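*Asks:* Questions regarding the structure given below will be posed in turn.
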Amino acid sequence: MKEYAPACDRNQQVILDVLEQILTRSSFVLEIGSGTGQHAVYFADALGHLNWQPTNKEPLDSIHAWRDEANLENLLAPASLDLLDLHNSTVDTTKVDAIVCINTIHIMAWQGTENLFSLATNVLPVGGLIYVYGPYRYSDRPLEPSNENFDLWLKERDPVSGIRHFDEVNKLAQRGGLELEGDMAMPANNRSIWWRKS
Ligand SMILES: C[S@@+](CC[C@H](N)C(=O)[O-])C[C@H]1O[C@@H](n2cnc3c(N)ncnc32)[C@H](O)[C@@H]1O
């Protein structure tokens, strides 16, 4: 059944505006934490030069439903990918040259972020790109009040989740040979951050 996330309506165009600029040289996107599947449909439709592979941890029903309705040639069937259990993922990563992960790394334990960047290090070719979107902490400023509240809410739900620190995420990226290429302010105190494999 098609699920609907109102946040996707609010952020999909501003995210697309960034992806359009940074995915010009990409051909195969692995989306991690695809959620309802709305973003996958919106981005695959707008970025026709890309093959778009949505993934999520099970269940994948909503992504299937959005994909079936959209009927886009470049939108692949969703595959199971759990960032905390990568060994059991069924997704074929051989053609992946870009990874997109939106509003997902703060939802799970830190190990999920470590695994995301190991995956990026292992599957991306030189010149390949990883893009993340969401709220982040920074050393030079306090977390915005709206994100403080969000962080408290996340931790009440699951104490091992929470808004991540940019420096720690960047350290993982650097360790894997991924160079920071952009870090852009987005609406509602979110960030678009991307790294390229050097
Ligand atoms: C806040 S939602 C964001 C979904 C979508 N990217 C969006 O922006 O609408 C977080 C997503 O992460 C997924 N998720 C949670 N734990 C995960 C894990 N261990 N591995 C992969 N995805 C996970 C959830 O199922 C959900 O789809």
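Starting from 1 in every chain, residues are counted up; chains themselves are A, B, ... following the order of the structure tokens, and ligands are numbered from 1 as listed.
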Just the residues within 7 Å of Ala44 in chain A, please, counting only C-alpha atoms, with nothing from its chain fewer than 5 positions along; format it as a ChimeraX atom specification.
*Replies:* /A:50,52,74-75
*Asks:* At a cut-off of 10 Å and counting only C-alpha atoms and all ligand atoms, what residues surround ligand 1? Please answer as a tab-separated table (two decimals) with N, CA, C and O atoms, in the first residue's frame.
*Replies:*
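File written: pocket.tsv
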chain	number	residue	atom	x	y	z
A	4	TYR	N	2.29	7.77	2.61
A	4	TYR	CA	2.51	9.16	2.21
A	4	TYR	C	3.20	9.92	3.34
A	4	TYR	O	2.74	9.90	4.48
A	5	ALA	N	4.33	10.55	3.03
A	5	ALA	CA	5.05	11.36	4.02
A	5	ALA	C	4.98	12.83	3.58
A	5	ALA	O	5.59	13.20	2.57
A	6	PRO	N	4.25	13.67	4.32
A	6	PRO	CA	4.12	15.08	3.92
A	6	PRO	C	5.49	15.76	3.78
A	6	PRO	O	5.65	16.67	2.96
A	7	ALA	N	6.48	15.33	4.57
A	7	ALA	CA	7.81	15.97	4.51
A	7	ALA	C	8.40	15.88	3.11
A	7	ALA	O	9.12	16.77	2.66
A	8	CYS	N	8.08	14.78	2.41
A	8	CYS	CA	8.64	14.62	1.05
A	8	CYS	C	8.13	15.72	0.13
A	8	CYS	O	8.87	16.23	-0.71
A	9	ASP	N	6.86	16.08	0.28
A	9	ASP	CA	6.32	17.17	-0.55
A	9	ASP	C	7.06	18.47	-0.27
A	9	ASP	O	7.28	19.28	-1.16
A	11	ASN	N	10.24	18.81	0.91
A	11	ASN	CA	11.68	18.90	0.65
A	11	ASN	C	12.12	18.36	-0.71
A	11	ASN	O	13.27	18.55	-1.11
A	12	GLN	N	11.23	17.70	-1.45
A	12	GLN	CA	11.72	17.01	-2.65
A	12	GLN	C	12.25	17.97	-3.73
A	12	GLN	O	13.25	17.67	-4.38
A	31	GLU	N	19.79	4.55	-3.66
A	31	GLU	CA	19.17	5.33	-2.59
A	31	GLU	C	19.00	4.44	-1.37
A	31	GLU	O	18.48	3.33	-1.47
A	32	ILE	N	19.45	4.92	-0.24
A	32	ILE	CA	19.38	4.13	1.00
A	32	ILE	C	18.39	4.78	1.96
A	32	ILE	O	18.42	5.99	2.17
A	33	GLY	N	17.49	3.99	2.50
A	33	GLY	CA	16.45	4.53	3.37
A	33	GLY	C	15.40	5.26	2.55
A	33	GLY	O	15.06	6.40	2.84
A	34	SER	N	14.87	4.59	1.54
A	34	SER	CA	13.95	5.25	0.59
A	34	SER	C	12.58	5.56	1.19
A	34	SER	O	11.78	6.26	0.55
A	35	GLY	N	12.27	5.03	2.37
A	35	GLY	CA	11.02	5.39	3.05
A	35	GLY	C	9.79	4.99	2.27
A	35	GLY	O	9.65	3.84	1.84
A	36	THR	N	8.92	5.96	2.03
A	36	THR	CA	7.66	5.65	1.33
A	36	THR	C	7.89	5.29	-0.14
A	36	THR	O	7.08	4.60	-0.74
A	37	GLY	N	8.96	5.84	-0.72
A	37	GLY	CA	9.20	5.68	-2.16
A	37	GLY	C	8.87	6.95	-2.94
A	37	GLY	O	9.11	7.03	-4.15
A	38	GLN	N	8.35	7.97	-2.26
A	38	GLN	CA	7.99	9.21	-2.95
A	38	GLN	C	9.21	9.88	-3.59
A	38	GLN	O	9.17	10.33	-4.72
A	39	HIS	N	10.29	9.98	-2.82
A	39	HIS	CA	11.49	10.62	-3.36
A	39	HIS	C	12.01	9.86	-4.58
A	39	HIS	O	12.42	10.48	-5.57
A	40	ALA	N	12.01	8.55	-4.50
A	40	ALA	CA	12.54	7.74	-5.60
A	40	ALA	C	11.78	8.07	-6.89
A	40	ALA	O	12.39	8.27	-7.96
A	54	PRO	N	15.98	2.25	-5.51
A	54	PRO	CA	15.56	2.50	-4.13
A	54	PRO	C	15.81	1.28	-3.25
A	54	PRO	O	15.71	0.14	-3.72
A	55	THR	N	16.14	1.52	-2.00
A	55	THR	CA	16.30	0.43	-1.03
A	55	THR	C	15.76	0.90	0.32
A	55	THR	O	15.65	2.10	0.57
A	56	ASN	N	15.49	-0.05	1.14
A	56	ASN	CA	15.11	0.24	2.53
A	56	ASN	C	15.22	-1.07	3.28
A	56	ASN	O	15.25	-2.14	2.67
A	57	LYS	N	15.24	-0.98	4.61
A	57	LYS	CA	15.04	-2.24	5.32
A	57	LYS	C	13.57	-2.62	5.16
A	57	LYS	O	12.72	-1.77	4.95
A	58	GLU	N	13.28	-3.91	5.21
A	58	GLU	CA	11.91	-4.38	4.97
A	58	GLU	C	10.95	-3.71	5.96
A	58	GLU	O	11.36	-3.40	7.06
A	59	PRO	N	9.69	-3.50	5.58
A	59	PRO	CA	9.04	-3.90	4.33
A	59	PRO	C	9.23	-2.86	3.22
A	59	PRO	O	9.51	-1.69	3.51
A	60	LEU	N	9.03	-3.30	1.98
A	60	LEU	CA	9.25	-2.43	0.83
A	60	LEU	C	7.92	-2.14	0.09
A	60	LEU	O	7.94	-1.60	-1.01
A	62	SER	N	5.41	-0.04	0.27
A	62	SER	CA	5.03	1.30	-0.18
A	62	SER	C	5.89	1.73	-1.37
A	62	SER	O	5.38	2.36	-2.31
A	63	ILE	N	7.16	1.38	-1.35
A	63	ILE	CA	8.03	1.75	-2.48
A	63	ILE	C	7.55	1.04	-3.74
A	63	ILE	O	7.46	1.63	-4.82
A	80	SER	N	16.07	-4.86	-0.70
A	80	SER	CA	16.22	-4.81	0.75
A	80	SER	C	17.66	-4.45	1.12
A	80	SER	O	18.61	-5.09	0.66
A	81	LEU	N	17.81	-3.41	1.90
A	81	LEU	CA	19.15	-3.03	2.39
A	81	LEU	C	18.99	-2.44	3.79
A	81	LEU	O	18.39	-1.39	3.96
A	82	ASP	N	19.50	-3.19	4.77
A	82	ASP	CA	19.48	-2.75	6.16
A	82	ASP	C	20.89	-2.32	6.52
A	82	ASP	O	21.82	-3.14	6.48
A	83	LEU	N	21.05	-1.05	6.84
A	83	LEU	CA	22.41	-0.54	7.12
A	83	LEU	C	23.04	-1.19	8.35
A	83	LEU	O	24.24	-1.12	8.53
A	84	LEU	N	22.21	-1.82	9.18
A	84	LEU	CA	22.77	-2.49	10.35
A	84	LEU	C	22.99	-3.98	10.09
A	84	LEU	O	23.37	-4.72	11.00
A	85	ASP	N	22.73	-4.39	8.85
A	85	ASP	CA	22.88	-5.81	8.51
A	85	ASP	C	23.19	-5.93	7.01
A	85	ASP	O	22.45	-6.54	6.24
A	86	LEU	N	24.30	-5.33	6.61
A	86	LEU	CA	24.60	-5.22	5.18
A	86	LEU	C	24.84	-6.58	4.52
A	86	LEU	O	24.62	-6.74	3.33
A	89	SER	N	22.00	-7.95	2.55
A	89	SER	CA	21.37	-7.14	1.51
A	89	SER	C	21.41	-7.88	0.18
A	89	SER	O	22.37	-8.56	-0.14
A	100	VAL	N	22.63	8.08	-2.36
A	100	VAL	CA	21.82	9.16	-1.79
A	100	VAL	C	21.14	8.62	-0.54
A	100	VAL	O	20.53	7.54	-0.58
A	101	CYS	N	21.25	9.35	0.55
A	101	CYS	CA	20.69	8.87	1.82
A	101	CYS	C	20.06	10.07	2.54
A	101	CYS	O	20.77	10.95	3.04
A	102	ILE	N	18.74	10.11	2.56
A	102	ILE	CA	18.00	11.29	3.03
A	102	ILE	C	17.31	10.99	4.36
A	102	ILE	O	16.56	10.00	4.47
A	103	ASN	N	17.58	11.84	5.34
A	103	ASN	CA	16.89	11.76	6.64
A	103	ASN	C	16.92	10.36	7.24
A	103	ASN	O	15.90	9.90	7.80
A	104	THR	N	18.02	9.69	7.16
A	104	THR	CA	18.07	8.31	7.62
A	104	THR	C	19.15	8.05	8.68
A	104	THR	O	18.92	7.26	9.59
A	105	ILE	N	20.30	8.73	8.61
A	105	ILE	CA	21.36	8.27	9.52
A	105	ILE	C	21.09	8.62	10.98
A	105	ILE	O	21.63	7.96	11.86
A	106	HIS	N	20.22	9.60	11.23
A	106	HIS	CA	19.91	9.92	12.63
A	106	HIS	C	18.85	8.99	13.22
A	106	HIS	O	18.55	9.04	14.41
A	107	ILE	N	18.26	8.15	12.35
A	107	ILE	CA	17.17	7.26	12.77
A	107	ILE	C	17.70	6.00	13.44
A	107	ILE	O	16.98	5.32	14.15
A	108	MET	N	18.96	5.68	13.19
A	108	MET	CA	19.49	4.38	13.65
A	108	MET	C	20.76	4.58	14.48
A	108	MET	O	21.25	5.70	14.63
A	109	ALA	N	21.29	3.47	14.98
A	109	ALA	CA	22.53	3.51	15.77
A	109	ALA	C	23.68	4.02	14.90
A	109	ALA	O	23.66	3.89	13.66
A	111	GLN	N	26.42	2.83	14.29
A	111	GLN	CA	26.97	1.78	13.43
A	111	GLN	C	26.41	1.87	12.01
A	111	GLN	O	27.11	1.57	11.03
A	112	GLY	N	25.18	2.32	11.88
A	112	GLY	CA	24.57	2.46	10.55
A	112	GLY	C	25.30	3.49	9.70
A	112	GLY	O	25.48	3.31	8.49
A	113	THR	N	25.74	4.58	10.34
A	113	THR	CA	26.51	5.61	9.61
A	113	THR	C	27.87	5.05	9.22
A	113	THR	O	28.35	5.26	8.10
A	115	ASN	N	28.55	1.99	8.65
A	115	ASN	CA	28.35	1.02	7.56
A	115	ASN	C	28.02	1.72	6.24
A	115	ASN	O	28.43	1.26	5.17
A	116	LEU	N	27.30	2.84	6.34
A	116	LEU	CA	26.98	3.60	5.11
A	116	LEU	C	28.27	4.06	4.43
A	116	LEU	O	28.43	3.93	3.21
A	132	VAL	N	24.21	13.11	1.51
A	132	VAL	CA	23.29	12.92	2.63
A	132	VAL	C	22.52	14.22	2.87
A	132	VAL	O	23.02	15.31	2.61
A	133	TYR	N	21.30	14.06	3.35
A	133	TYR	CA	20.44	15.22	3.66
A	133	TYR	C	19.86	15.00	5.05
A	133	TYR	O	19.45	13.88	5.39
A	134	GLY	N	19.82	16.07	5.83
A	134	GLY	CA	19.20	15.98	7.16
A	134	GLY	C	19.81	17.01	8.09
A	134	GLY	O	20.59	17.87	7.66
A	161	SER	N	19.75	6.39	18.64
A	161	SER	CA	19.62	7.26	17.46
A	161	SER	C	19.96	8.69	17.88
A	161	SER	O	20.25	8.96	19.04
*Asks:* If we count only C-alpha atoms and set the cut-off at 10 Å, which residues sit around range 141-149 of chain A, ignoring sequence neighbours fewer than 3 positions away in its own chain? Please answer as a PyMOL selection string.
*Replies:* chain A and resi 135-138+152-155+162-163+165+188-190
*Asks:* Could you dump the residues just selected with N, CA, C and O atoms as a short mmCIF file (atom, residue, chain, number, x, y, z; two decimals), in the first residue's frame?
*Replies:*
data_model
loop_
_atom_site.label_atom_id
_atom_site.label_comp_id
_atom_site.auth_asym_id
_atom_site.auth_seq_id
_atom_site.Cartn_x
_atom_site.Cartn_y
_atom_site.Cartn_z
N PRO A 135 19.48 16.94 9.39
CA PRO A 135 20.05 17.87 10.37
C PRO A 135 21.40 17.36 10.87
O PRO A 135 21.60 16.14 10.98
N TYR A 136 22.32 18.27 11.14
CA TYR A 136 23.66 17.90 11.65
C TYR A 136 24.08 18.87 12.72
O TYR A 136 23.69 20.04 12.73
N ARG A 137 24.95 18.37 13.63
CA ARG A 137 25.59 19.23 14.64
C ARG A 137 26.90 19.75 14.06
O ARG A 137 27.57 19.04 13.30
N TYR A 138 27.29 20.97 14.48
CA TYR A 138 28.55 21.56 14.05
C TYR A 138 29.30 22.10 15.26
O TYR A 138 28.68 22.52 16.25
N LEU A 152 15.84 15.21 20.95
CA LEU A 152 15.25 14.65 22.17
C LEU A 152 14.17 13.63 21.81
O LEU A 152 14.08 12.55 22.39
N TRP A 153 13.36 14.00 20.83
CA TRP A 153 12.29 13.11 20.38
C TRP A 153 12.86 11.80 19.84
O TRP A 153 12.39 10.70 20.15
N LEU A 154 13.92 11.94 19.02
CA LEU A 154 14.57 10.74 18.46
C LEU A 154 15.07 9.82 19.58
O LEU A 154 14.87 8.61 19.56
N LYS A 155 15.72 10.43 20.58
CA LYS A 155 16.36 9.63 21.63
C LYS A 155 15.33 9.00 22.58
O LYS A 155 15.59 7.95 23.16
N GLY A 162 19.91 9.61 16.95
CA GLY A 162 20.14 11.02 17.29
C GLY A 162 20.88 11.75 16.17
O GLY A 162 21.49 11.13 15.29
N ILE A 163 20.80 13.08 16.25
CA ILE A 163 21.43 13.92 15.22
C ILE A 163 22.95 13.78 15.32
O ILE A 163 23.53 13.93 16.40
N HIS A 165 27.12 14.38 14.46
CA HIS A 165 28.04 15.52 14.37
C HIS A 165 28.72 15.50 13.01
O HIS A 165 29.29 14.48 12.61
N ALA A 188 14.45 24.59 6.86
CA ALA A 188 14.10 23.91 8.11
C ALA A 188 15.33 23.33 8.82
O ALA A 188 15.28 22.24 9.39
N ASN A 189 16.43 24.07 8.76
CA ASN A 189 17.66 23.70 9.48
C ASN A 189 18.19 22.31 9.09
O ASN A 189 18.66 21.56 9.94
N ASN A 190 18.06 21.99 7.83
CA ASN A 190 18.68 20.77 7.32
C ASN A 190 19.90 21.14 6.51
O ASN A 190 20.14 22.31 6.20
#
*Asks:* Please measure the separation of CA of His64 in chain A and CA of Asp17 in chain A, giving the value in Å to one decimal.
*Replies:*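 Going from CA of His64 in chain A over to CA of Asp17 in chain A, I get 25.0 Å.
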*Asks:* For the strand (DSSP E) assignment from backbone DSSP, which residues of range 2-127 of chain A qualify? Please present them as a list in words.
*Replies:*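 Filtering range 2-127 of chain A to strand (DSSP E) leaves Phe28, Val29, Leu30, Glu31, Ile32, Asn51, Trp52, Gln53, Pro54, Thr55, Asn56, Ala79, Ser80, Ala98, Ile99, Val100, Cys101 and Ile102 of chain A.
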*Asks:* Which is closer to Leu172 in chain A than all the others in A:Ser192, A:Glu156, A:Leu124, A:Ser118, using only C-alpha atoms?
*Replies:*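 Ranked by minimum distance to Leu172 in chain A, first place goes to A:Ser118.
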*Asks:* List as a PyMOL selection string the protein and nucleic acid residues near range 173-176 of chain A, meaning an atom at most 9 Å away when only C-alpha atoms are counted, but skip any in the same chain fewer than 2 places from it.
*Replies:* chain A and resi 117-118+120-122+168-171+178-180+195+197
